[in-house]
>>> print(open('input-v1.pdb').read())   # PDB, C-alpha atoms
ATOM      1  CA  MET A   1      38.705  18.705 -49.189
ATOM      2  CA  GLU A   2      39.912  18.587 -45.603
ATOM      3  CA  HIS A   3      37.411  17.178 -43.130
ATOM      4  CA  PRO A   4      36.864  19.021 -39.866
ATOM      5  CA  ILE A   5      38.037  17.501 -36.606
ATOM      6  CA  TRP A   6      34.634  18.232 -35.084
ATOM      7  CA  ASN A   7      31.501  16.155 -35.483
ATOM      8  CA  PHE A   8      28.762  18.438 -34.200
ATOM      9  CA  GLU A   9      26.718  17.340 -37.202
ATOM     10  CA  GLN A  10      26.271  13.905 -35.620
ATOM     11  CA  ASP A  11      26.269  14.946 -31.957
ATOM     12  CA  PRO A  12      23.190  13.306 -30.365
ATOM     13  CA  THR A  13      20.265  15.623 -29.712
ATOM     14  CA  LYS A  14      16.667  15.263 -28.600
ATOM     15  CA  GLU A  15      15.748  17.716 -31.333
ATOM     16  CA  GLU A  16      14.237  16.312 -34.498
ATOM     17  CA  LEU A  17      16.629  17.341 -37.256
ATOM     18  CA  ASP A  18      15.600  17.918 -40.837
ATOM     19  CA  GLU A  19      18.033  18.181 -43.742
ATOM     20  CA  THR A  20      18.554  21.894 -43.130
ATOM     21  CA  ALA A  21      19.300  21.426 -39.419
ATOM     22  CA  ILE A  22      21.853  18.716 -40.222
ATOM     23  CA  ASN A  23      23.475  20.898 -42.881
ATOM     24  CA  LEU A  24      23.654  23.818 -40.436
ATOM     25  CA  ARG A  25      25.439  21.606 -37.899
ATOM     26  CA  ALA A  26      27.885  20.505 -40.619
ATOM     27  CA  TYR A  27      28.368  24.174 -41.585
ATOM     28  CA  PHE A  28      29.432  24.965 -38.017
ATOM     29  CA  ASP A  29      31.796  21.967 -38.000
ATOM     30  CA  ARG A  30      33.747  23.669 -40.770
ATOM     31  CA  ILE A  31      34.217  26.990 -38.972
ATOM     32  CA  PRO A  32      37.749  27.095 -37.531
ATOM     33  CA  ASN A  33      38.147  27.390 -33.781
ATOM     34  CA  ALA A  34      40.138  30.594 -34.229
ATOM     35  CA  LYS A  35      37.129  32.235 -35.871
ATOM     36  CA  LEU A  36      34.626  30.828 -33.385
ATOM     37  CA  SER A  37      36.689  32.126 -30.487
ATOM     38  CA  ARG A  38      36.108  35.672 -31.777
ATOM     39  CA  TYR A  39      32.302  35.268 -31.713
ATOM     40  CA  ASP A  40      30.523  37.425 -29.128
ATOM     41  CA  PRO A  41      26.906  36.531 -28.255
ATOM     42  CA  ALA A  42      26.360  40.180 -27.271
ATOM     43  CA  TRP A  43      26.806  41.289 -30.880
ATOM     44  CA  SER A  44      23.830  42.633 -32.789
ATOM     45  CA  ASP A  45      22.324  40.436 -35.488
ATOM     46  CA  GLU A  46      24.031  42.603 -38.094
ATOM     47  CA  GLN A  47      27.434  42.092 -36.444
ATOM     48  CA  VAL A  48      26.918  38.318 -36.352
ATOM     49  CA  MET A  49      25.971  38.307 -40.038
ATOM     50  CA  GLU A  50      29.054  40.358 -40.898
ATOM     51  CA  TRP A  51      31.311  38.095 -38.774
ATOM     52  CA  ASP A  52      30.004  34.989 -40.541
ATOM     53  CA  GLY A  53      30.048  36.541 -44.007
ATOM     54  CA  ASN A  54      27.560  34.116 -45.582
ATOM     55  CA  PHE A  55      24.238  35.829 -45.012
ATOM     56  CA  LYS A  56      22.119  36.965 -47.928
ATOM     57  CA  ASP A  57      20.474  40.371 -48.246
ATOM     58  CA  ASP A  58      17.197  38.868 -47.018
ATOM     59  CA  GLY A  59      18.816  38.036 -43.652
ATOM     60  CA  ASN A  60      19.013  34.281 -44.167
ATOM     61  CA  LEU A  61      22.162  32.181 -44.177
ATOM     62  CA  MET A  62      23.397  31.151 -47.607
ATOM     63  CA  MET A  63      23.540  27.348 -47.600
ATOM     64  CA  PHE A  64      23.119  24.836 -50.371
ATOM     65  CA  CYS A  65      20.977  21.689 -50.394
ATOM     66  CA  CYS A  66      18.534  22.991 -47.819
ATOM     67  CA  GLU A  67      14.792  22.585 -47.576
ATOM     68  CA  ARG A  68      14.234  25.880 -45.799
ATOM     69  CA  ASP A  69      15.892  29.155 -44.836
ATOM     70  CA  VAL A  70      18.009  29.594 -41.710
ATOM     71  CA  ASP A  71      17.380  32.942 -40.055
ATOM     72  CA  ILE A  72      19.586  34.668 -37.512
ATOM     73  CA  ALA A  73      17.562  33.392 -34.524
ATOM     74  CA  GLU A  74      18.047  29.750 -35.530
ATOM     75  CA  TYR A  75      21.677  30.447 -36.426
ATOM     76  CA  ARG A  76      22.399  31.899 -32.970
ATOM     77  CA  ARG A  77      20.551  29.076 -31.175
ATOM     78  CA  VAL A  78      22.417  26.325 -33.014
ATOM     79  CA  LEU A  79      25.723  28.188 -32.774
ATOM     80  CA  ALA A  80      25.341  28.232 -28.976
ATOM     81  CA  LEU A  81      24.843  24.437 -29.087
ATOM     82  CA  CYS A  82      27.929  24.113 -31.297
ATOM     83  CA  LEU A  83      30.069  26.120 -28.906
ATOM     84  CA  SER A  84      28.894  23.949 -26.021
ATOM     85  CA  TYR A  85      29.663  20.816 -28.059
ATOM     86  CA  ARG A  86      33.215  22.028 -28.784
ATOM     87  CA  GLN A  87      33.829  22.771 -25.108
ATOM     88  CA  ARG A  88      32.701  19.230 -24.236
ATOM     89  CA  ALA A  89      34.826  17.741 -27.018
ATOM     90  CA  VAL A  90      37.936  19.605 -25.868
ATOM     91  CA  ALA A  91      37.305  18.571 -22.257
ATOM     92  CA  ALA A  92      36.960  14.953 -23.394
ATOM     93  CA  GLY A  93      40.297  15.206 -25.227
ATOM     94  CA  GLN A  94      39.030  15.000 -28.801
TER
END
>>> encode(input="input-v1.pdb", output="structure tokens")
Amino acid sequence: MEHPIWNFEQDPTKEELDETAINLRAYFDRIPNAKLSRYDPAWSDEQVMEWDGNFKDDGNLMMFCCERDVDIAEYRRVLALCLSYRQRAVAAGQ
């Protein structure tokens, strides 16, 4: 398995992270930059779910080893943090 070059999973945050939040951050680490660059925050929830491709019929993200479900609102919020992290990482020369 190839490890991502990003480390959003361990990026410091004031947020208290449970196992699911940490796994979601790691999930975003594994999304290639080429795919993330196509993301549009103006998309509808349905378009975001289709773009990601890992949402279940109940509207929650399909992830393993999680204590709770990740809905589209949490997904979008954390994705915005991930995008900001990647911009900072690129600017810092990582």
>>> residues_around(input="input-v1.pdb", residues="Tyr27 in chain A", least_positions_apart="3", cutoff="10 Å", atoms="all atoms listed in the file", output="PyMOL selection string")
chain A and resi 8-9+21-24+30-31+63
>>> write_last_selection(input="input-v1.pdb", atoms="C-alpha atoms", output="PDB file, in the frame of the given file")
ATOM      1  CA  PHE A   8      28.762  18.438 -34.200  1.00  0.00           C
ATOM      2  CA  GLU A   9      26.718  17.340 -37.202  1.00  0.00           C
ATOM      3  CA  ALA A  21      19.300  21.426 -39.419  1.00  0.00           C
ATOM      4  CA  ILE A  22      21.853  18.716 -40.222  1.00  0.00           C
ATOM      5  CA  ASN A  23      23.475  20.898 -42.881  1.00  0.00           C
ATOM      6  CA  LEU A  24      23.654  23.818 -40.436  1.00  0.00           C
ATOM      7  CA  ARG A  30      33.747  23.669 -40.770  1.00  0.00           C
ATOM      8  CA  ILE A  31      34.217  26.990 -38.972  1.00  0.00           C
ATOM      9  CA  MET A  63      23.540  27.348 -47.600  1.00  0.00           C
TER      10      MET A  63
END
>>> residues_around(input="input-v1.pdb", residues="Glu50 in chain A", least_positions_apart="6", cutoff="12 Å", atoms="only C-alpha atoms", output="PyMOL selection string")
chain A and resi 39+43-44+56-57+59+61+72
>>> resolve_selection(input="input-v1.pdb", expression="the PyMOL selection byres ((chain A and resi 60) around 12)", output="short mmCIF file (atom, residue, chain, number, x, y, z; two decimals) with C-alpha atoms, in the coordinates of the input")
data_model
loop_
_atom_site.label_atom_id
_atom_site.label_comp_id
_atom_site.auth_asym_id
_atom_site.auth_seq_id
_atom_site.Cartn_x
_atom_site.Cartn_y
_atom_site.Cartn_z
CA ASP A 45 22.32 40.44 -35.49
CA GLU A 46 24.03 42.60 -38.09
CA VAL A 48 26.92 38.32 -36.35
CA MET A 49 25.97 38.31 -40.04
CA ASP A 52 30.00 34.99 -40.54
CA GLY A 53 30.05 36.54 -44.01
CA ASN A 54 27.56 34.12 -45.58
CA PHE A 55 24.24 35.83 -45.01
CA LYS A 56 22.12 36.97 -47.93
CA ASP A 57 20.47 40.37 -48.25
CA ASP A 58 17.20 38.87 -47.02
CA GLY A 59 18.82 38.04 -43.65
CA LEU A 61 22.16 32.18 -44.18
CA MET A 62 23.40 31.15 -47.61
CA MET A 63 23.54 27.35 -47.60
CA CYS A 66 18.53 22.99 -47.82
CA ARG A 68 14.23 25.88 -45.80
CA ASP A 69 15.89 29.16 -44.84
CA VAL A 70 18.01 29.59 -41.71
CA ASP A 71 17.38 32.94 -40.06
CA ILE A 72 19.59 34.67 -37.51
CA ALA A 73 17.56 33.39 -34.52
CA GLU A 74 18.05 29.75 -35.53
CA TYR A 75 21.68 30.45 -36.43
CA ARG A 76 22.40 31.90 -32.97
#
>>> atom_distance(input="input-v1.pdb", atom1="CA of Cys65 in chain A", atom2="CA of Lys14 in chain A")
23.1 Å
>>> residues_around(input="input-v1.pdb", residues="Asp11 in chain A", least_positions_apart="4", cutoff="9 Å", atoms="all atoms listed in the file", output="list in words")
Asn7, Arg25 and Tyr85 of chain A
>>> residues_around(input="input-v1.pdb", residues="Trp6 in chain A", least_positions_apart="4", cutoff="10 Å", atoms="only C-alpha atoms", output="list in words")
Gln10, Asp11, Ala26, Phe28, Asp29, Arg30, Ile31, Pro32, Asn33, Cys82, Tyr85, Arg86, Ala89, Val90 and Gln94 of chain A
>>> atom_distance(input="input-v1.pdb", atom1="CA of Phe64 in chain A", atom2="CA of Ala80 in chain A")
21.8 Å
>>> decode(input="input-v1.pdb", residues="range 38-76 of chain A", atoms="N, CA and C atoms", output="tab-separated table (two decimals), in the first residue's frame")
chain	number	residue	atom	x	y	z
A	38	ARG	N	-10.97	18.93	-8.65
A	38	ARG	CA	-12.24	18.97	-9.39
A	38	ARG	C	-13.44	19.25	-8.47
A	39	TYR	N	-13.23	19.19	-7.17
A	39	TYR	CA	-14.32	19.42	-6.22
A	39	TYR	C	-14.82	20.85	-6.31
A	40	ASP	N	-16.13	21.02	-6.28
A	40	ASP	CA	-16.74	22.35	-6.31
A	40	ASP	C	-17.68	22.49	-5.11
A	41	PRO	N	-17.37	23.38	-4.16
A	41	PRO	CA	-18.23	23.54	-2.98
A	41	PRO	C	-19.66	23.96	-3.32
A	42	ALA	N	-19.88	24.47	-4.52
A	42	ALA	CA	-21.22	24.88	-4.93
A	42	ALA	C	-22.10	23.70	-5.35
A	43	TRP	N	-21.50	22.53	-5.50
A	43	TRP	CA	-22.28	21.36	-5.87
A	43	TRP	C	-23.35	21.05	-4.84
A	44	SER	N	-24.41	20.41	-5.30
A	44	SER	CA	-25.44	19.91	-4.39
A	44	SER	C	-24.86	18.74	-3.60
A	45	ASP	N	-25.53	18.37	-2.53
A	45	ASP	CA	-25.08	17.21	-1.75
A	45	ASP	C	-25.01	15.96	-2.62
A	46	GLU	N	-25.99	15.80	-3.49
A	46	GLU	CA	-26.01	14.63	-4.36
A	46	GLU	C	-24.80	14.61	-5.30
A	47	GLN	N	-24.42	15.77	-5.82
A	47	GLN	CA	-23.25	15.84	-6.70
A	47	GLN	C	-21.97	15.52	-5.94
A	48	VAL	N	-21.86	15.98	-4.70
A	48	VAL	CA	-20.68	15.67	-3.89
A	48	VAL	C	-20.61	14.17	-3.64
A	49	MET	N	-21.74	13.56	-3.30
A	49	MET	CA	-21.77	12.13	-3.05
A	49	MET	C	-21.38	11.34	-4.29
A	50	GLU	N	-21.85	11.78	-5.45
A	50	GLU	CA	-21.51	11.11	-6.70
A	50	GLU	C	-20.01	11.28	-7.01
A	51	TRP	N	-19.49	12.49	-6.82
A	51	TRP	CA	-18.06	12.77	-7.05
A	51	TRP	C	-17.18	11.89	-6.18
A	52	ASP	N	-17.56	11.73	-4.91
A	52	ASP	CA	-16.76	10.90	-4.00
A	52	ASP	C	-16.91	9.43	-4.35
A	53	GLY	N	-18.13	8.97	-4.54
A	53	GLY	CA	-18.38	7.60	-4.92
A	53	GLY	C	-18.43	6.59	-3.80
A	54	ASN	N	-18.32	7.04	-2.55
A	54	ASN	CA	-18.32	6.10	-1.41
A	54	ASN	C	-19.42	6.38	-0.41
A	55	PHE	N	-20.51	6.95	-0.87
A	55	PHE	CA	-21.64	7.18	0.02
A	55	PHE	C	-22.64	6.04	-0.11
A	56	LYS	N	-23.24	5.68	1.00
A	56	LYS	CA	-24.24	4.62	1.01
A	56	LYS	C	-25.61	5.20	0.67
A	57	ASP	N	-26.57	4.35	0.44
A	57	ASP	CA	-27.93	4.78	0.10
A	57	ASP	C	-28.56	5.62	1.20
A	58	ASP	N	-28.11	5.45	2.44
A	58	ASP	CA	-28.68	6.22	3.55
A	58	ASP	C	-28.08	7.63	3.65
A	59	GLY	N	-27.15	7.98	2.75
A	59	GLY	CA	-26.57	9.31	2.73
A	59	GLY	C	-25.33	9.48	3.59
A	60	ASN	N	-24.85	8.41	4.18
A	60	ASN	CA	-23.64	8.46	5.00
A	60	ASN	C	-22.46	7.87	4.24
A	61	LEU	N	-21.28	8.40	4.57
A	61	LEU	CA	-20.05	7.92	3.93
A	61	LEU	C	-19.75	6.50	4.36
A	62	MET	N	-19.33	5.67	3.43
A	62	MET	CA	-18.95	4.31	3.74
A	62	MET	C	-17.49	4.30	4.20
A	63	MET	N	-17.30	4.08	5.50
A	63	MET	CA	-15.96	3.97	6.06
A	63	MET	C	-15.96	2.81	7.05
A	64	PHE	N	-14.81	2.19	7.17
A	64	PHE	CA	-14.68	1.06	8.08
A	64	PHE	C	-14.05	1.52	9.39
A	65	CYS	N	-14.23	0.74	10.43
A	65	CYS	CA	-13.63	1.01	11.74
A	65	CYS	C	-14.05	2.37	12.28
A	66	CYS	N	-15.32	2.66	12.21
A	66	CYS	CA	-15.82	3.94	12.70
A	66	CYS	C	-16.86	3.71	13.79
A	67	GLU	N	-16.89	4.63	14.72
A	67	GLU	CA	-17.84	4.55	15.83
A	67	GLU	C	-19.21	5.11	15.46
A	68	ARG	N	-19.22	5.97	14.45
A	68	ARG	CA	-20.47	6.66	14.10
A	68	ARG	C	-20.48	6.94	12.59
A	69	ASP	N	-21.64	7.37	12.11
A	69	ASP	CA	-21.79	7.71	10.70
A	69	ASP	C	-21.25	9.10	10.41
A	70	VAL	N	-20.79	9.30	9.18
A	70	VAL	CA	-20.37	10.61	8.70
A	70	VAL	C	-21.37	11.03	7.64
A	71	ASP	N	-22.12	12.10	7.95
A	71	ASP	CA	-23.10	12.60	6.99
A	71	ASP	C	-22.45	13.64	6.07
A	72	ILE	N	-23.21	14.11	5.11
A	72	ILE	CA	-22.68	15.02	4.11
A	72	ILE	C	-22.25	16.35	4.72
A	73	ALA	N	-22.94	16.82	5.75
A	73	ALA	CA	-22.57	18.09	6.39
A	73	ALA	C	-21.19	17.99	7.03
A	74	GLU	N	-20.94	16.92	7.77
A	74	GLU	CA	-19.62	16.73	8.38
A	74	GLU	C	-18.57	16.53	7.29
A	75	TYR	N	-18.91	15.75	6.28
A	75	TYR	CA	-17.99	15.51	5.17
A	75	TYR	C	-17.54	16.83	4.54
A	76	ARG	N	-18.49	17.68	4.22
A	76	ARG	CA	-18.17	18.97	3.58
A	76	ARG	C	-17.33	19.85	4.51
